[in-house]
Structures are given as structure tokens and as C-alpha cells.
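Trainee: So that you have it, the file is structure12.pdb, and it contains PDB, C-alpha atoms:
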```pdb
ATOM      1  CA  MET A   1     -24.630-124.987  34.285  1.00  0.00           C
ATOM      2  CA  LYS A   2     -23.360-122.124  32.123  1.00  0.00           C
ATOM      3  CA  PRO A   3     -20.388-124.035  30.614  1.00  0.00           C
ATOM      4  CA  LEU A   4     -22.676-126.872  29.495  1.00  0.00           C
ATOM      5  CA  GLU A   5     -25.155-124.465  27.902  1.00  0.00           C
ATOM      6  CA  HIS A   6     -22.325-122.944  25.888  1.00  0.00           C
ATOM      7  CA  LEU A   7     -21.199-126.417  24.797  1.00  0.00           C
ATOM      8  CA  PHE A   8     -24.674-127.308  23.551  1.00  0.00           C
ATOM      9  CA  GLU A   9     -24.978-124.045  21.638  1.00  0.00           C
ATOM     10  CA  SER A  10     -21.693-124.780  19.834  1.00  0.00           C
ATOM     11  CA  GLU A  11     -22.778-128.320  18.985  1.00  0.00           C
ATOM     12  CA  GLU A  12     -26.113-127.028  17.741  1.00  0.00           C
ATOM     13  CA  GLU A  13     -24.372-124.475  15.510  1.00  0.00           C
ATOM     14  CA  LEU A  14     -22.139-127.203  14.065  1.00  0.00           C
ATOM     15  CA  LEU A  15     -25.130-129.443  13.372  1.00  0.00           C
ATOM     16  CA  VAL A  16     -26.936-126.597  11.609  1.00  0.00           C
ATOM     17  CA  GLU A  17     -23.847-125.869   9.474  1.00  0.00           C
ATOM     18  CA  GLU A  18     -23.536-129.557   8.540  1.00  0.00           C
ATOM     19  CA  LEU A  19     -27.241-129.742   7.692  1.00  0.00           C
ATOM     20  CA  VAL A  20     -27.095-126.636   5.502  1.00  0.00           C
ATOM     21  CA  ASP A  21     -24.028-127.966   3.670  1.00  0.00           C
ATOM     22  CA  LYS A  22     -25.743-131.298   2.934  1.00  0.00           C
ATOM     23  CA  GLU A  23     -28.779-129.675   1.318  1.00  0.00           C
ATOM     24  CA  GLU A  24     -29.169-130.295  -2.375  1.00  0.00           C
ATOM     25  CA  HIS A  25     -28.272-127.313  -4.512  1.00  0.00           C
ATOM     26  CA  ASP A  26     -28.044-126.946  -8.283  1.00  0.00           C
ATOM     27  CA  LEU A  27     -25.062-125.843 -10.329  1.00  0.00           C
ATOM     28  CA  VAL A  28     -26.701-123.915 -13.161  1.00  0.00           C
ATOM     29  CA  VAL A  29     -24.968-122.983 -16.415  1.00  0.00           C
ATOM     30  CA  PHE A  30     -26.344-120.166 -18.589  1.00  0.00           C
ATOM     31  CA  ASN A  31     -26.463-119.627 -22.336  1.00  0.00           C
ATOM     32  CA  ASP A  32     -24.457-116.875 -24.009  1.00  0.00           C
ATOM     33  CA  ASP A  33     -23.523-115.775 -27.515  1.00  0.00           C
ATOM     34  CA  ILE A  34     -19.796-116.291 -26.963  1.00  0.00           C
ATOM     35  CA  ASN A  35     -19.021-119.917 -26.089  1.00  0.00           C
ATOM     36  CA  THR A  36     -19.306-122.752 -28.587  1.00  0.00           C
ATOM     37  CA  PHE A  37     -21.164-126.006 -27.997  1.00  0.00           C
ATOM     38  CA  ASP A  38     -17.829-127.821 -28.148  1.00  0.00           C
ATOM     39  CA  HIS A  39     -16.208-125.605 -25.496  1.00  0.00           C
ATOM     40  CA  VAL A  40     -19.144-125.917 -23.076  1.00  0.00           C
ATOM     41  CA  SER A  41     -19.289-129.698 -23.585  1.00  0.00           C
ATOM     42  CA  LYS A  42     -15.563-130.092 -22.946  1.00  0.00           C
ATOM     43  CA  VAL A  43     -15.786-127.999 -19.759  1.00  0.00           C
ATOM     44  CA  LEU A  44     -18.745-130.044 -18.465  1.00  0.00           C
ATOM     45  CA  ILE A  45     -16.851-133.280 -19.146  1.00  0.00           C
ATOM     46  CA  LYS A  46     -13.729-132.006 -17.410  1.00  0.00           C
ATOM     47  CA  VAL A  47     -15.276-130.166 -14.456  1.00  0.00           C
ATOM     48  CA  CYS A  48     -18.490-132.092 -13.763  1.00  0.00           C
ATOM     49  CA  LYS A  49     -17.242-135.494 -14.952  1.00  0.00           C
ATOM     50  CA  HIS A  50     -20.102-135.754 -17.450  1.00  0.00           C
ATOM     51  CA  SER A  51     -20.114-138.380 -20.180  1.00  0.00           C
ATOM     52  CA  GLN A  52     -19.924-137.065 -23.746  1.00  0.00           C
ATOM     53  CA  GLU A  53     -23.628-137.717 -24.229  1.00  0.00           C
ATOM     54  CA  GLN A  54     -24.614-136.056 -20.933  1.00  0.00           C
ATOM     55  CA  ALA A  55     -22.494-132.984 -21.727  1.00  0.00           C
ATOM     56  CA  GLU A  56     -24.027-132.678 -25.192  1.00  0.00           C
ATOM     57  CA  GLN A  57     -27.563-132.978 -23.795  1.00  0.00           C
ATOM     58  CA  CYS A  58     -26.885-130.301 -21.168  1.00  0.00           C
ATOM     59  CA  THR A  59     -25.361-128.058 -23.840  1.00  0.00           C
ATOM     60  CA  MET A  60     -28.493-128.392 -25.990  1.00  0.00           C
ATOM     61  CA  ILE A  61     -30.732-127.564 -23.013  1.00  0.00           C
ATOM     62  CA  ILE A  62     -28.555-124.549 -22.189  1.00  0.00           C
ATOM     63  CA  HIS A  63     -28.824-123.353 -25.795  1.00  0.00           C
ATOM     64  CA  TYR A  64     -32.583-123.809 -26.208  1.00  0.00           C
ATOM     65  CA  LYS A  65     -33.844-123.130 -22.662  1.00  0.00           C
ATOM     66  CA  GLY A  66     -31.271-120.498 -21.651  1.00  0.00           C
ATOM     67  CA  LYS A  67     -29.922-122.464 -18.705  1.00  0.00           C
ATOM     68  CA  CYS A  68     -29.496-125.966 -17.328  1.00  0.00           C
ATOM     69  CA  SER A  69     -28.821-127.540 -13.958  1.00  0.00           C
ATOM     70  CA  VAL A  70     -25.672-129.528 -14.700  1.00  0.00           C
ATOM     71  CA  LYS A  71     -24.946-130.931 -11.219  1.00  0.00           C
ATOM     72  CA  LYS A  72     -26.645-131.345  -7.828  1.00  0.00           C
ATOM     73  CA  GLY A  73     -24.972-131.424  -4.439  1.00  0.00           C
ATOM     74  CA  SER A  74     -23.804-129.461  -1.434  1.00  0.00           C
ATOM     75  CA  VAL A  75     -22.435-125.955  -1.788  1.00  0.00           C
ATOM     76  CA  SER A  76     -18.993-127.157  -0.698  1.00  0.00           C
ATOM     77  CA  LYS A  77     -19.002-129.758  -3.509  1.00  0.00           C
ATOM     78  CA  LEU A  78     -20.390-127.416  -6.176  1.00  0.00           C
ATOM     79  CA  LYS A  79     -18.386-124.270  -5.378  1.00  0.00           C
ATOM     80  CA  PRO A  80     -15.053-125.428  -6.880  1.00  0.00           C
ATOM     81  CA  MET A  81     -16.909-126.699  -9.961  1.00  0.00           C
ATOM     82  CA  CYS A  82     -18.703-123.376 -10.367  1.00  0.00           C
ATOM     83  CA  GLU A  83     -15.432-121.477 -10.050  1.00  0.00           C
ATOM     84  CA  SER A  84     -13.793-123.684 -12.715  1.00  0.00           C
ATOM     85  CA  ILE A  85     -16.709-123.146 -15.104  1.00  0.00           C
ATOM     86  CA  LEU A  86     -16.543-119.383 -14.527  1.00  0.00           C
ATOM     87  CA  GLU A  87     -12.773-119.426 -15.139  1.00  0.00           C
ATOM     88  CA  ALA A  88     -13.493-121.132 -18.471  1.00  0.00           C
ATOM     89  CA  GLY A  89     -15.549-118.084 -19.466  1.00  0.00           C
ATOM     90  CA  ILE A  90     -18.948-119.706 -18.999  1.00  0.00           C
ATOM     91  CA  GLN A  91     -21.612-118.125 -16.799  1.00  0.00           C
ATOM     92  CA  ALA A  92     -22.719-120.318 -13.894  1.00  0.00           C
ATOM     93  CA  THR A  93     -24.142-120.063 -10.391  1.00  0.00           C
ATOM     94  CA  ILE A  94     -25.238-122.233  -7.484  1.00  0.00           C
ATOM     95  CA  VAL A  95     -28.906-122.118  -6.465  1.00  0.00           C
TER      96      VAL A  95
END
```
Represent the structure contained in this file as C-alpha cells.
Mentor:
Amino acid sequence: MKPLEHLFESEEELLVEELVDKEEHDLVVFNDDINTFDHVSKVLIKVCKHSQEQAEQCTMIIHYKGKCSVKKGSVSKLKPMCESILEAGIQATIV
């Protein structure tokens, strides 16, 4: 009986990890006094695959509201995007 219990615990842990990774999270970009509208728009187009119009709208929201959720998805999907945005000198986080 013990070996089977251990097997079920491992499967349960894997299912929990998969469930957590599939949860919807937000990639949030923050306003600053350094980056230009053009730079932020270009990064959103490149990293998040936004259209020109979508990138410009997000950039305006970032400017006037202080932040904007630019993408939704799992942490594993958003993490490389967040890292690329940070490398471009723009503040971002996953929530």
C-alpha cells in the first residue's frame, strides 16, 4: 500500500503545479519618467505581439493611469515577456 500512496501524492503534486501554471495572471507595465511613448509601444509590439493600435492604447493607459495590464496568461508564458520588457528598461511585473 505504501508505494501506491507515494505515487498518488506525486500525481497530486503534478496536478496542482499544472493547475497553478494555467491560472490567469497579468503582465503589468508601469509608467516612468524615462521611457518614451515610442519606445514602450515598440517593445509591446515586439514582446507581446501587440498591434500598433493596441500598443499605443496600452501606452496611453500606462501614462495616464500609472500602469496597464498588457497581457494575460500563465506565469510560464508571461515570465519571458516580463524579462524582455525589463531588459528594455521598462518596469513590469506579473500579478
Trainee: Determine the residue membership of the PyMOL selection byres ((chain A and resi 91) around 8) for the file above and supply it as a list in words.
Mentor: Val29, Phe30, Asn31, Asp32, Ile85, Leu86, Gly89, Ile90, Ala92 and Thr93 of chain A
Trainee: To verify the selection step, state as JSON, numbers by chain which residues the PyMOL selection byres ((chain A and resi 53-62) around 12) yields on this input.
Mentor: {"A": [27, 28, 29, 30, 31, 32, 33, 35, 36, 37, 38, 39, 40, 41, 42, 43, 44, 45, 46, 47, 48, 49, 50, 51, 52, 63, 64, 65, 66, 67, 68, 69, 70, 71, 90, 91, 92]}
Trainee: Once 4 Å is added on each side, what centre and edge lengths in Å to one decimal does the axis-aligned box around all listed atoms of stretch 36-42 of chain A have, as JSON?
Mentor:
```
{"center_x": -18.4, "center_y": -126.4, "center_z": -25.8, "size_x": 13.6, "size_y": 15.3, "size_z": 13.6}
```
Trainee: By how many Å are atom CA of A:Ala88 and atom CA of A:Lys72 apart?
Mentor: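 Spanning atom CA of A:Ala88 to atom CA of A:Lys72 is a straight-line distance of 19.8 Å.
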Trainee: Report the distance between atom CA of A:Lys79 and atom CA of A:Ile34 in Å, rounded to one decimal place.
Mentor: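 Atom-to-atom, atom CA of A:Lys79 and atom CA of A:Ile34 are spaced 23.1 Å apart.
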Trainee: Rank A:Val95, A:Glu87, A:Ser74, A:Pro80 by their smallest atom-to-atom distance to A:Glu24, using all atoms listed in the file, and report the top residue only.
Mentor: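 Result for the nearest residue to A:Glu24: A:Ser74.
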